[in-house]
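Undergrad: Can you keep this structure in mind? I'll have questions shortly.
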There are 4 protein chains.
Amino acid sequence: MSDSTSPQSPTARGLDRRALDYSASIAFDRRLYAHDIDASIAHARMLAKQGIVPGDDAEAIARGLEDIRAEIERDEFPFHQELEDIHLNIEARLKEKIGEAAGRLHTARSRNDQIATDMRLYVMEACDRAAAGVRDVQAALLTLAEANRDVIMPGYTHLQRAQPLLLAHHLLAYFQMLERDGERFGDCRRRADALPLGSGALSGVPYPIDRDFVARELGFSRLTENSVDAVADRDFVVEYQSAAAMTMMHLSRLAEEIVLWASDEFGFIGLPEEFSTGSSIMPQKRNPDVAELARGKTGRVYGNLMAILTTLKGLPLAYNRDLQEDKQPLFDTVDTLMGTLEVMAAMLPALRVDPLLPEAAARGSYVLATDVADYLVRKGVAFRDAHQAVAELVRYAQMEGKALPELSLEEYRRFSPAFEEDVLALDLRSAIEARDAPGGTSSRQVEAALKRARQRLEGKR
Amino acid sequence: MSDSTSPQSPTARGLDRRALDYSASIAFDRRLYAHDIDASIAHARMLAKQGIVPGDDAEAIARGLEDIRAEIERDEFPFHQELEDIHLNIEARLKEKIGEAAGRLHTARSRNDQIATDMRLYVMEACDRAAAGVRDVQAALLTLAEANRDVIMPGYTHLQRAQPLLLAHHLLAYFQMLERDGERFGDCRRRADALPLGSGALSGVPYPIDRDFVARELGFSRLTENSVDAVADRDFVVEYQSAAAMTMMHLSRLAEEIVLWASDEFGFIGLPEEFSTGSSIMPQKRNPDVAELARGKTGRVYGNLMAILTTLKGLPLAYNRDLQEDKQPLFDTVDTLMGTLEVMAAMLPALRVDPLLPEAAARGSYVLATDVADYLVRKGVAFRDAHQAVAELVRYAQMEGKALPELSLEEYRRFSPAFEEDVLALDLRSAIEARDAPGGTSSRQVEAALKRARQRLEGKR
Amino acid sequence: MSDSTSPQSPTARGLDRRALDYSASIAFDRRLYAHDIDASIAHARMLAKQGIVPGDDAEAIARGLEDIRAEIERDEFPFHQELEDIHLNIEARLKEKIGEAAGRLHTARSRNDQIATDMRLYVMEACDRAAAGVRDVQAALLTLAEANRDVIMPGYTHLQRAQPLLLAHHLLAYFQMLERDGERFGDCRRRADALPLGSGALSGVPYPIDRDFVARELGFSRLTENSVDAVADRDFVVEYQSAAAMTMMHLSRLAEEIVLWASDEFGFIGLPEEFSTGSSIMPQKRNPDVAELARGKTGRVYGNLMAILTTLKGLPLAYNRDLQEDKQPLFDTVDTLMGTLEVMAAMLPALRVDPLLPEAAARGSYVLATDVADYLVRKGVAFRDAHQAVAELVRYAQMEGKALPELSLEEYRRFSPAFEEDVLALDLRSAIEARDAPGGTSSRQVEAALKRARQRLEGKR
Amino acid sequence: MSDSTSPQSPTARGLDRRALDYSASIAFDRRLYAHDIDASIAHARMLAKQGIVPGDDAEAIARGLEDIRAEIERDEFPFHQELEDIHLNIEARLKEKIGEAAGRLHTARSRNDQIATDMRLYVMEACDRAAAGVRDVQAALLTLAEANRDVIMPGYTHLQRAQPLLLAHHLLAYFQMLERDGERFGDCRRRADALPLGSGALSGVPYPIDRDFVARELGFSRLTENSVDAVADRDFVVEYQSAAAMTMMHLSRLAEEIVLWASDEFGFIGLPEEFSTGSSIMPQKRNPDVAELARGKTGRVYGNLMAILTTLKGLPLAYNRDLQEDKQPLFDTVDTLMGTLEVMAAMLPALRVDPLLPEAAARGSYVLATDVADYLVRKGVAFRDAHQAVAELVRYAQMEGKALPELSLEEYRRFSPAFEEDVLALDLRSAIEARDAPGGTSSRQVEAALKRARQRLEGKR
């Protein structure tokens with residue numbers, strides 16, 4: 001990107017082939033073609049409306065650009081490396097099509113505000129797509145949770161079994177994470193949504209332009225307020241990268257759990273053939289490749305965030321060619337994020353939750369110990385004594401090789417006289433139902449959460 | 001952090017000294033003491049209100065905690081490494097003060113939801129402080145801009161002089177960046193603002209608690225909705241780190257410009273003694289250390305963002321001890337960011353803008369070339385021909401060693417007959433004034449922007 | 001850091017308190033005191049030897065500096081924030097002790113080459129310490145491997161059981177990783193090992209100094225070759241950070257396995273009380289906090305690498321104050337790395353490998369499937385047909401709920417007539433022993449590897 | 001990548017189209033084709049030599065693979081997304097060409113050790129290319145330095161003019177940085193240089209293979225020592241990324257200086273048209289795009305380092321599909337680094353150093369102040385008094401608007417009686433020549449350094 005405004009005189013004239021190859025961006029910025037064309041048409045119409053260029057020329061420009069859009073979409077557009085970038089490629093082609101009038105398009109505009117406009121349009125669309133992709137994964141989680149609403153599993157802390165949970169409650173934790181992700185993409189979009197066109201190379205343009213008109217045509221809800229900032233700013237790229245890094249972090253946690261749950265050791269889920277790879281000679285082996293890749297690709301998205309932050313560090317105002325480096329890491333993050341969201345949304349509902357193992361894992365452990373202590377506290381035993389008693393009780397049970405629900409009342413009473421018949425009613429289900437404050441794992445709370453989640457998703461359509 | 005709930009029985013009992021040193025967090029998490037105490041008092045009052053603990057005990061707890069707060073603030077609190085963290089240190093001290101009643105504080109709570117609450121309170125406050133610090137730098141920029149509203153400077157692209165600007169316009173570009181930064185801290189605060197207490201170790205608590213009461217007491221505007229998410233979530237830390245990284249990136253750009261402008265080569269500003277270091281033998285040398293450090297510290301804040309993202313990558317739910325690593329990088333970022341904002345806010349108004357050099361730099365260059373071409377276009381010359389003529393004109397002026405305003409009409413006309421008397425009126429000031437669309441550098445736009453900026457700042461107080 | 005050479009005239013004179021607080025480094029660079037004193041003594045002796053300062057002054061300087069060293073080590077040194085950094089603090093104190101002669105120490109030296117020297121000495125020592133710490137973890141792994149040389153476990157790919165391994169072989173994989181880590185710290189040390197002193201502020205010094213003498217005194221094996229590079233270079237810091245990031249990555253993988261193995265689901269190891277935290281009410285729960293923290297702290301070390309890389313990006317030569325930001329991330333990485341190595345070296349030998357579960361996990365799976373196919377290939381069955389037969393065989397065994405070694409010859413032969421009596425001899429042990437090429441898991445290879453590892457460790461003492 | 005060994009039965013059979021698209025790597029790992037074919041041929045020959053497969057089959061395999069290589073190089077190879085990766089694409093094609101014998105190639109091998117081998121071969125070659133590219137930039141710097149050996153410039157600290165330097169000395173600082181970079185690529189290559197083939201899926205292979213033979217065929221100088229490590233290890237990728245990040249950091253510093261020097265304010269260099277872009281209407285404007293892009297692309301290389309570190313964090317042994325994410329960031333770094341080295345090597349010798357401005361910048365400043373103070377010290381003035389006198393002298397000269405060499409002896413003597421006639425001989429040249437210790441900027445030292453540099457480059461050819 002350079003700050004020239006004339007397509008007829010490529011700024012790269014005379015450039016060494018190595019320098020051209022090093023600096024040309026057409027191989028990747030062609031992705032912006034539709035936004036570039038939209039912005040040019042809006043600009044041309046505004047110029048005509050304001051009497052800056054003749055109306056006929058503006059119409060010729062618009063028609064020519066629509067032709068070009070069609071050529072690109074039919075894959076028939078003659079891209080040239082020599083023309084450096086998408087703007088100059090389109091401009092040169094436009095001149096071939098409509099002649100000198102093409103030159104008028106560049107009145108009151110520079111490549112600096114043009115690329116800023118294209119990038120904002122791209123990021124706004126990318127935010128919408130990300131929000132939709134996030135919502136699809138939320139829907140998939142919800143479907144899986146609803147289909148397994150009675151499944152009990154051990155909740156983990158430190159990867160140690162800690163307290164019983166409804167699987168649906170566990171899955172809804174991810175729903176919450178993604179809910180925040182969706183909000184962040186919304187915030188990013190809101191901040192990206194300001195039209196830079198009209199900022200010229202850096203100081204504005206000496207023409208009586210109507211920026212509001214262009215903004216309306218392109219669907220921006222407001223204008224950038226300072227021309228220097230407008231051409232130097234890539235905050236919206238950083239913010240998208242940050243939101244994507246957070247989302248991938250969440251997905252990497254989910255992916256880790258899928259990998260764990262699909263292991264022989266956990267056995268909580270079976271992976272469908274459509275979403276796992278096998279080994280030709282070990283048919284029992286279903287490798288959780290999709291989850292592993294989602295986890296692994298987190299690195300790449302973090303790296304892309306670091307890339308743009310580093311690129312922007314210490315840059316003086318206004319436009320510097322360094323800014324061209326905003327694109328490839330962004331495109332890579334968009335592709336990686338959307339691919340991951342798509343495949344996770346497809347895979348999650350296809351996971352087969354084992355009907356027995358999660359609950360068996362909870363039952364075969366001491367995840368009720370906290371509840372036994374709380375039982376004693378409710379019976380009036382001092383906090384400390386209650387804990388002491390349960391510690392000894394559990395140690396005893398371990399020695400005997402028994403789970404807590406397998407103990408008799410007499411056994412309980414060896415450790416505290418406060419135990420009564422009703423302690424025998426303590427089981428996974430009662431422990432779960434007891435956690436009935438908002439946000440807890442009781443079925444009442446979880447049913448309400450499922451319903452709320454369903455409503456939220458519907459509200460987003 | 002572990003998931004025990006009993007302070008009397010430290011979870012670290014029997015821990016190897018090296019493991020204790022490795023895992024104890026009291027050296028840094030003591031910074032959370034006030035939030036920890038606030039949350040405990042609110043929790044105790046709720047327990048009493050709900051009849052879960054006796055009202056007298058709750059009051060004893062509250063009084064004891066206030067005593068402890070005062071001890072810490074007087075620097076008389078006996079911190080113990082053996083007690084691992086701020087929670088256990090306070091708990092143990094509370095028991096010394098009020099005896100067994102202290103134990104009741106831990107009813108219906110675990111260290112997992114407790115630390116999540118403390119951290120959210122901390123981040124909410126940190127967001128408020130960051131927003132205020134950002135506002136102070138905005139005010140400083142505005143003061144500098146207002147004090148130099150007539151200064152003309154060359155605007156740069158590619159660090160090449162490109163078009164003339166008002167310095168105030170240039171400075172307001174940073175005002176815009178910081179405006180977005182302030183918004184992001186607001187968004188971060190809004191998302192952090194949900195009470196996790198009541199989530200227990202991970203599944204909720206089996207007591208009839210009133211989470212809304214606690215939220216109100218602590219100033220949270222809503223509750224976390226899922227207990228598993230509530231103890232596993234550190235999004236608000238990542239989001240703060242992201243917002244801080246962006247802000248530091250902006251400050252690094254400003255710092256870079258201060259370093260450039262303070263160089264002998266630019267000479268746009270003089271650094272006051274209070275904000276630069278000298279050399280005992282080169283009194284003319286004023287090193288822009290503050291700006292250099294601000295630029296350099298950007299690395300550290302980026303690194304802290306990367307740290308928390310890496311720590312969270314691939315962690316299964318719910319609480320894992322890895323989460324303890326959320327703190328030091330966060331505290332370091334808060335200190336670095338606040339220190340940088342404070343010193344920049346202090347330094348900016350003290351910068352002495354040279355009354356002559358910025359405008360001289362603009363005048364001694366060809367930053368009017370674009371305007372001359374636009375002049376010809378307005379006179380009806382085809383875009384392309386206009387550019388061609390000006391290219392030759394500038395080349396001629398360079399050879400002659402003249403700036404454009406030094407050329408005579410006759411010289412102009414050698415390159416195009418369309419030049420008329422009024423071309424001689426083209427100068428830095430007219431070029432600036434011509435850029436009068438919204439966001440442009442004309443004095444009308446800049447005055448309006450200054451006024452808007454002043455109003456915004458006042459609206460934030 | 002500034003480029004003055006006079007301690008009597010602090011460069012920070014007149015500095016605003018906020019700027020001073022922002023820029024003073026004495027709170028953290030005091031850690032360099034010993035290296036700073038060593039370098040100053042060597043410098044003073046060289047100055048005397050070359051006749052640049054009187055011998056008596058040099059001796060007074062050396063004695064004064066040794067006094068100061070003792071004061072610092074007795075924690076009696078009066079550090080002053082106003083004196084900014086360790087150099088100026090020591091210089092000012094030296095003047096208090098020996099008077100004007102102290103000033104001569106600064107002949108032919110600047111703070112720029114002085115801090116570069118201190119930092120290189122620090123990094124060289126840090127490399128030695130890291131290499132020793134790495135070796136201690138290797139020794140710990142080796143002890144654990146030797147103590148469990150007969151333990152069989154399932155080897156995993158995709159966290160799915162794949163083929164049987166000796167646990168010792170698995171542990172030696174980490175030995176290899178750490179071997180490379182040790183080498184990298186050696187390479188880093190080798191490159192750091194060049195004396196910058198004598199480079200002055202940036203251009204050298206106009207005195208007849210003897211740099212070789214100073215290098216010998218300080219244990220450097222060569223001189224930096226270019227004065228500008230010498231004061232601007234922090235490659236050795238980046239290289240240490242890179243080596244540390246790699247080492248932490250390795251330790252995070254080991255930590256992840258410890259967490260997995262200590263879970264109820266795997267049950268391969270028991271965590272000793274000295275290296276895990278419990279829960280007061282769930283005595284069976286041993287949280288692998290040390291491993292979790294090691295995994296979590298990886299983020300911080302990655303972040304510190306990113307910090308220094310970012311700080312150095314785009315800095316013009318030679319010294320810039322940004323370089324002061326090399327220190328805190330480095331010190332943090334050194335502390336984190338050394339703490340992690342120390343605690344891992346202590347914990348590993350204390351892990352209790354379960355005598356039954358790892359082998360049972362291998363036996364209860366289909367990890368022999370590859371060997372059965374290889375058996376058929378050796379009997380002359382075409383590769384493809386062999387795989388097909390085994391795939392069907394395993395599917396059959398799964399249906400029957402049998403492990404492969406539980407099948408009868410008749411059952412085998414249903415899937416291929418090539419199966420003969422000797423197929424029944426296929427078991428975990430034979431599968432392990434068959435992998436007897438260099439690097440394989442056969443006991444012969446593993447014993448040789450253990451021996452080689454032991455010898456290497458001894459060679460490093 | 002999965003751990004199957006059979007190409008005829010793709011592991012991805014039945015995979016959902018989205019999962020296939022998400023996981024297929026053929027779009028980028030085809031870049032490894034030559035290494036994959038080399039390794040397969042060596043493996044086949046070894047199998048024949050050891051009597052594991054018939055010699056005729058091995059020869060058919062080798063011929064078939066050479067055919068395939070030619071097809072790929074002629075761009076006629078039919079790549080299939082369904083075949084996932086480069087291995088399976090080549091395997092399937094081989095079977096089409098030579099029939100069932102193709103299957104034998106997969107004896108005693110898995111995709112896990114195969115991809116590790118390909119990647120090591122790739123990285124070893126990439127290290128050689130990087131070392132050569134680094135050398136080319138060194139040669140370019142040397143050419144530029146030699147061609148401008150008499151040019152004097154101000155050396156900078158804090159971007160303030162500090163002391164005079166020979167430009168050649170300044171340029172040689174970069175030579176030194178790159179010298180270390182070249183070494184690091186050599187170290188990386190040395191550690192990558194170990195053959196993993198023969199490690200099988202993770203535990204070795206149950207065949208009497210000859211790994212040494214394969215190593216010799218492929219040019220490896222040793223074998224990996226542990227099969228689990230061999231398939232799980234990507235250290236060599238991280239190490240390459242680290243070395244590349246450091247190199248790009250160096251190039252970003254050089255790029256920053258080129259941008260500064262090409263500014264109107266510095267004016268030290270002119271950019272040739274071949275390596276800068278212009279503006280059609282501002283012919284005097286030569287934008288340093290190449291340098292800006294080199295600086296900007298640093299972000300991307302840092303990001304790629306962070307990506308692989310993140311991907312590897314916390315991965316349990318041995319192979320996990322996450323490892324597939326080692327490739328794209330690596331390829332991107334290789335392309336970025338090589339492109340940057342190439343274009344810098346081409347551009348540097350083409351820079352036109354201004355014959356006057358650098359020296360004029362030095363002369364018009366107070367860069368001799370340190371020398372004047374040192375002059376007084378040599379005349380016996382106490383260090384402190386000398387500095388005091390010069391401080392006042394410089395302040396006086398500033399007021400008078402004179403550079404130091406413009407002062408008369410009488411003026412000098414107003415500030416110290418120790419000044420004598422010879423102080424008038426102090427000038428830029430004498431200050432430079434006085435810095436004649438090793439590493440200093442004197443012409444004697446610089447000439448020697450230029451010669452040494454030339455010899456080193458020649459030694460590397």
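Within each chain, counting starts at residue 1; across the structure tokens, chains are named A, B, ... in the order shown, with ligands numbered 1 upward in that order.
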Can you tell me, as an MDAnalysis selection string, what residues are no more than 12 Å from Arg456 (chain D) when counting only C-alpha atoms, ignoring any on the same chain fewer than 3 positions away?
TA: chainID D and resid 135 138:139 142 175:176 179 182 449:453 459:461
Undergrad: Based on the selection just made, write N, CA, C and O atoms of those residues as an mmCIF file, in the first residue's frame.
TA:
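File written: out_15.cif
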data_model
loop_
_atom_site.group_PDB
_atom_site.id
_atom_site.type_symbol
_atom_site.label_atom_id
_atom_site.label_comp_id
_atom_site.auth_asym_id
_atom_site.auth_seq_id
_atom_site.Cartn_x
_atom_site.Cartn_y
_atom_site.Cartn_z
ATOM 1 N N ARG D 135 24.185 -14.778 5.236
ATOM 2 C CA ARG D 135 25.500 -14.449 4.691
ATOM 3 C C ARG D 135 25.379 -13.436 3.553
ATOM 4 O O ARG D 135 26.194 -12.523 3.427
ATOM 5 N N GLN D 138 24.927 -10.138 5.039
ATOM 6 C CA GLN D 138 26.225 -9.699 5.573
ATOM 7 C C GLN D 138 27.111 -9.161 4.449
ATOM 8 O O GLN D 138 27.765 -8.127 4.599
ATOM 9 N N ALA D 139 27.130 -9.887 3.348
ATOM 10 C CA ALA D 139 27.951 -9.443 2.217
ATOM 11 C C ALA D 139 27.476 -8.078 1.708
ATOM 12 O O ALA D 139 28.288 -7.209 1.368
ATOM 13 N N LEU D 142 28.563 -5.420 4.044
ATOM 14 C CA LEU D 142 29.999 -5.229 3.919
ATOM 15 C C LEU D 142 30.315 -4.394 2.682
ATOM 16 O O LEU D 142 31.157 -3.478 2.722
ATOM 17 N N PHE D 175 26.488 -6.555 10.930
ATOM 18 C CA PHE D 175 27.244 -7.741 10.505
ATOM 19 C C PHE D 175 27.398 -8.704 11.683
ATOM 20 O O PHE D 175 27.218 -9.912 11.551
ATOM 21 N N GLN D 176 27.715 -8.149 12.833
ATOM 22 C CA GLN D 176 27.881 -8.977 14.039
ATOM 23 C C GLN D 176 26.587 -9.681 14.426
ATOM 24 O O GLN D 176 26.579 -10.856 14.780
ATOM 25 N N GLU D 179 26.025 -12.430 12.182
ATOM 26 C CA GLU D 179 26.977 -13.515 12.422
ATOM 27 C C GLU D 179 26.415 -14.475 13.481
ATOM 28 O O GLU D 179 26.456 -15.701 13.329
ATOM 29 N N GLY D 182 23.557 -16.540 11.983
ATOM 30 C CA GLY D 182 24.053 -17.673 11.198
ATOM 31 C C GLY D 182 24.463 -18.829 12.101
ATOM 32 O O GLY D 182 24.153 -19.993 11.821
ATOM 33 N N ALA D 449 38.359 -4.715 11.017
ATOM 34 C CA ALA D 449 37.071 -5.408 11.115
ATOM 35 C C ALA D 449 36.512 -5.710 9.732
ATOM 36 O O ALA D 449 35.950 -6.779 9.494
ATOM 37 N N LEU D 450 36.668 -4.752 8.809
ATOM 38 C CA LEU D 450 36.196 -4.984 7.444
ATOM 39 C C LEU D 450 36.927 -6.166 6.822
ATOM 40 O O LEU D 450 36.325 -7.021 6.164
ATOM 41 N N LYS D 451 38.205 -6.215 7.070
ATOM 42 C CA LYS D 451 39.011 -7.296 6.511
ATOM 43 C C LYS D 451 38.609 -8.642 7.102
ATOM 44 O O LYS D 451 38.439 -9.638 6.392
ATOM 45 N N ARG D 452 38.455 -8.625 8.414
ATOM 46 C CA ARG D 452 38.035 -9.847 9.104
ATOM 47 C C ARG D 452 36.676 -10.309 8.580
ATOM 48 O O ARG D 452 36.447 -11.495 8.357
ATOM 49 N N ALA D 453 35.793 -9.370 8.383
ATOM 50 C CA ALA D 453 34.450 -9.705 7.908
ATOM 51 C C ALA D 453 34.530 -10.324 6.515
ATOM 52 O O ALA D 453 33.894 -11.334 6.222
ATOM 53 N N GLY D 459 35.318 -17.534 4.039
ATOM 54 C CA GLY D 459 35.410 -18.840 4.698
ATOM 55 C C GLY D 459 34.113 -19.613 4.663
ATOM 56 O O GLY D 459 34.101 -20.835 4.793
ATOM 57 N N LYS D 460 33.020 -18.903 4.455
ATOM 58 C CA LYS D 460 31.717 -19.597 4.484
ATOM 59 C C LYS D 460 31.261 -20.074 3.118
ATOM 60 O O LYS D 460 30.236 -20.716 2.995
ATOM 61 N N ARG D 461 31.945 -19.668 2.102
ATOM 62 C CA ARG D 461 31.468 -20.078 0.782
ATOM 63 C C ARG D 461 31.659 -21.560 0.545
ATOM 64 O O ARG D 461 32.573 -22.140 1.028
#
Undergrad: Report the closest atom pair, with its distance in Å rounded to one decimal, for each residue of chain B that has an atom no farther than 6 Å from chain A; count only C-alpha atoms, sort by chain and then rising residue number, and write it as a tab-separated table.
TA:
residue	atom	partner	partner_atom	distance
B:Tyr156	CA	A:Ala318	CA	6.0
B:Thr157	CA	A:Tyr319	CA	4.9
B:His158	CA	A:Asn320	CA	4.6
B:Ala173	CA	A:Asp229	CA	4.6
B:Ser203	CA	A:Thr441	CA	5.6
B:Gly204	CA	A:Gly440	CA	4.2
B:Val205	CA	A:Arg435	CA	5.0
B:Pro206	CA	A:Arg435	CA	4.5
B:Glu225	CA	A:Gly439	CA	4.6
B:Asn226	CA	A:Gly439	CA	4.3
B:Ser227	CA	A:Gly439	CA	5.1
B:Val228	CA	A:Ala173	CA	5.8
B:Asp229	CA	A:Ala173	CA	4.6
B:Met249	CA	A:Lys313	CA	5.3
B:Ser252	CA	A:Gly314	CA	4.8
B:Arg253	CA	A:Gly314	CA	4.3
B:Glu256	CA	A:Gly314	CA	5.5
B:Glu257	CA	A:Pro316	CA	5.6
B:Lys313	CA	A:Met249	CA	5.3
B:Gly314	CA	A:Arg253	CA	4.3
B:Leu315	CA	A:Arg253	CA	5.1
B:Pro316	CA	A:Arg253	CA	5.3
B:Ala318	CA	A:Thr157	CA	5.4
B:Tyr319	CA	A:Thr157	CA	4.9
B:Asn320	CA	A:His158	CA	4.6
B:Ala434	CA	A:Pro206	CA	4.7
B:Arg435	CA	A:Pro206	CA	4.5
B:Gly439	CA	A:Asn226	CA	4.3
B:Gly440	CA	A:Gly204	CA	4.2
B:Thr441	CA	A:Ser203	CA	5.6
Undergrad: DSSP on the backbone: which residues in region 301-396 of chain D end up as helix (DSSP H, G or I)? Give the answer as a VMD selection string.
TA: chain D and resid 301 to 312 321 to 350 357 to 363 369 to 378 383 to 396
Undergrad: Residues of region 158-263 of chain D in strand (DSSP E) according to DSSP, as a PyMOL selection string?
TA: chain D and resi 160-166
Undergrad: Ranking D:Arg93, D:Arg45, D:Arg413, D:Lys379 by minimum distance to Arg69 (chain D) and counting only C-alpha atoms, which one comes first?
TA: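 So, comparing all the options, the nearest one is D:Arg93.
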Undergrad: Find the spatial neighbours of Glu273 (chain C), counting only C-alpha atoms, within a cut-off of 12 Å - ignore same-chain residues fewer than 3 positions away - and output them as a list in words.
TA: Thr11, Ala12, Arg13, Gly14, Leu15, Asp16, Arg17, Ala19 and Leu20 of chain B; Gly270, Ser276, Thr277, Gly278, Ser279, Pro283, Gln284, Lys285, Arg286, Asn287, Pro288, Asp289, Val290, Met347, Ala350, Leu351 and Arg352 of chain C
Undergrad: Find the distance between CA of Val53 (chain A) and CA of Phe415 (chain B) and write it in Å to one decimal.
TA: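 Between these atoms lies a distance of 24.1 Å.
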Undergrad: Report, in Å to a single decimal, how far apart CA of Leu356 (chain B) and CA of Glu406 (chain D) are.
TA: 25.2 Å
Undergrad: Compile the contact shell of Ala346 (chain C) as a PyMOL selection string: residues with an atom at most 10 Å away, counting only C-alpha atoms, same-chain residues fewer than 5 positions apart removed.
TA: (chain B and resi 16+18-19) or (chain C and resi 136-137+140+274-275+340-341+351)
Undergrad: Since we have the selection now, will you write its residues out, keeping N, CA and C atoms, as an mmCIF file, in the first residue's frame?
TA:
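Result saved to out-v6.cif:
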data_model
loop_
_atom_site.group_PDB
_atom_site.id
_atom_site.type_symbol
_atom_site.label_atom_id
_atom_site.label_comp_id
_atom_site.auth_asym_id
_atom_site.auth_seq_id
_atom_site.Cartn_x
_atom_site.Cartn_y
_atom_site.Cartn_z
ATOM 1 N N ASP B 16 6.220 -30.508 51.216
ATOM 2 C CA ASP B 16 7.656 -30.284 51.132
ATOM 3 C C ASP B 16 7.917 -28.772 51.036
ATOM 4 N N ARG B 18 10.021 -27.099 49.363
ATOM 5 C CA ARG B 18 10.164 -26.609 47.991
ATOM 6 C C ARG B 18 8.817 -26.492 47.293
ATOM 7 N N ALA B 19 7.956 -27.473 47.553
ATOM 8 C CA ALA B 19 6.624 -27.418 46.946
ATOM 9 C C ALA B 19 5.824 -26.256 47.522
ATOM 10 N N ASP C 136 19.530 -32.059 37.048
ATOM 11 C CA ASP C 136 18.894 -32.627 38.235
ATOM 12 C C ASP C 136 17.558 -33.285 37.905
ATOM 13 N N VAL C 137 16.809 -32.671 37.007
ATOM 14 C CA VAL C 137 15.545 -33.303 36.608
ATOM 15 C C VAL C 137 15.829 -34.567 35.813
ATOM 16 N N ALA C 140 16.547 -37.188 38.232
ATOM 17 C CA ALA C 140 15.327 -37.621 38.915
ATOM 18 C C ALA C 140 14.516 -38.562 38.023
ATOM 19 N N GLU C 274 3.933 -34.924 50.330
ATOM 20 C CA GLU C 274 4.873 -33.810 50.302
ATOM 21 C C GLU C 274 4.746 -32.992 49.024
ATOM 22 N N PHE C 275 4.136 -33.563 48.008
ATOM 23 C CA PHE C 275 4.079 -32.873 46.725
ATOM 24 C C PHE C 275 2.666 -32.788 46.152
ATOM 25 N N THR C 340 10.832 -24.314 39.016
ATOM 26 C CA THR C 340 10.150 -25.464 38.427
ATOM 27 C C THR C 340 11.091 -26.663 38.334
ATOM 28 N N LEU C 341 12.309 -26.401 37.894
ATOM 29 C CA LEU C 341 13.276 -27.507 37.797
ATOM 30 C C LEU C 341 13.528 -28.105 39.188
ATOM 31 N N LEU C 351 7.336 -39.941 43.336
ATOM 32 C CA LEU C 351 6.084 -40.470 42.777
ATOM 33 C C LEU C 351 6.037 -41.979 43.005
#
Undergrad: Neighbours of Ile61 (chain A) within 8 Å (only C-alpha atoms; same-chain residues fewer than 2 positions away dropped), as a list in words?
TA: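 Near Ile61 (chain A), the qualifying residues are Ile41, Ala44, Asp57, Ala58, Glu59, Arg63, Gly64, Leu65, Leu94, Ile98, Ala101, Ala102 and Leu105 of chain A.
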Undergrad: Please provide as a PyMOL selection string all residues within 8 Å of Phe266 (chain D), with the sequence filter that same-chain residues fewer than 4 positions apart are discarded (counting only C-alpha atoms).
TA: (chain B and resi 265) or (chain D and resi 260-262+357-358)
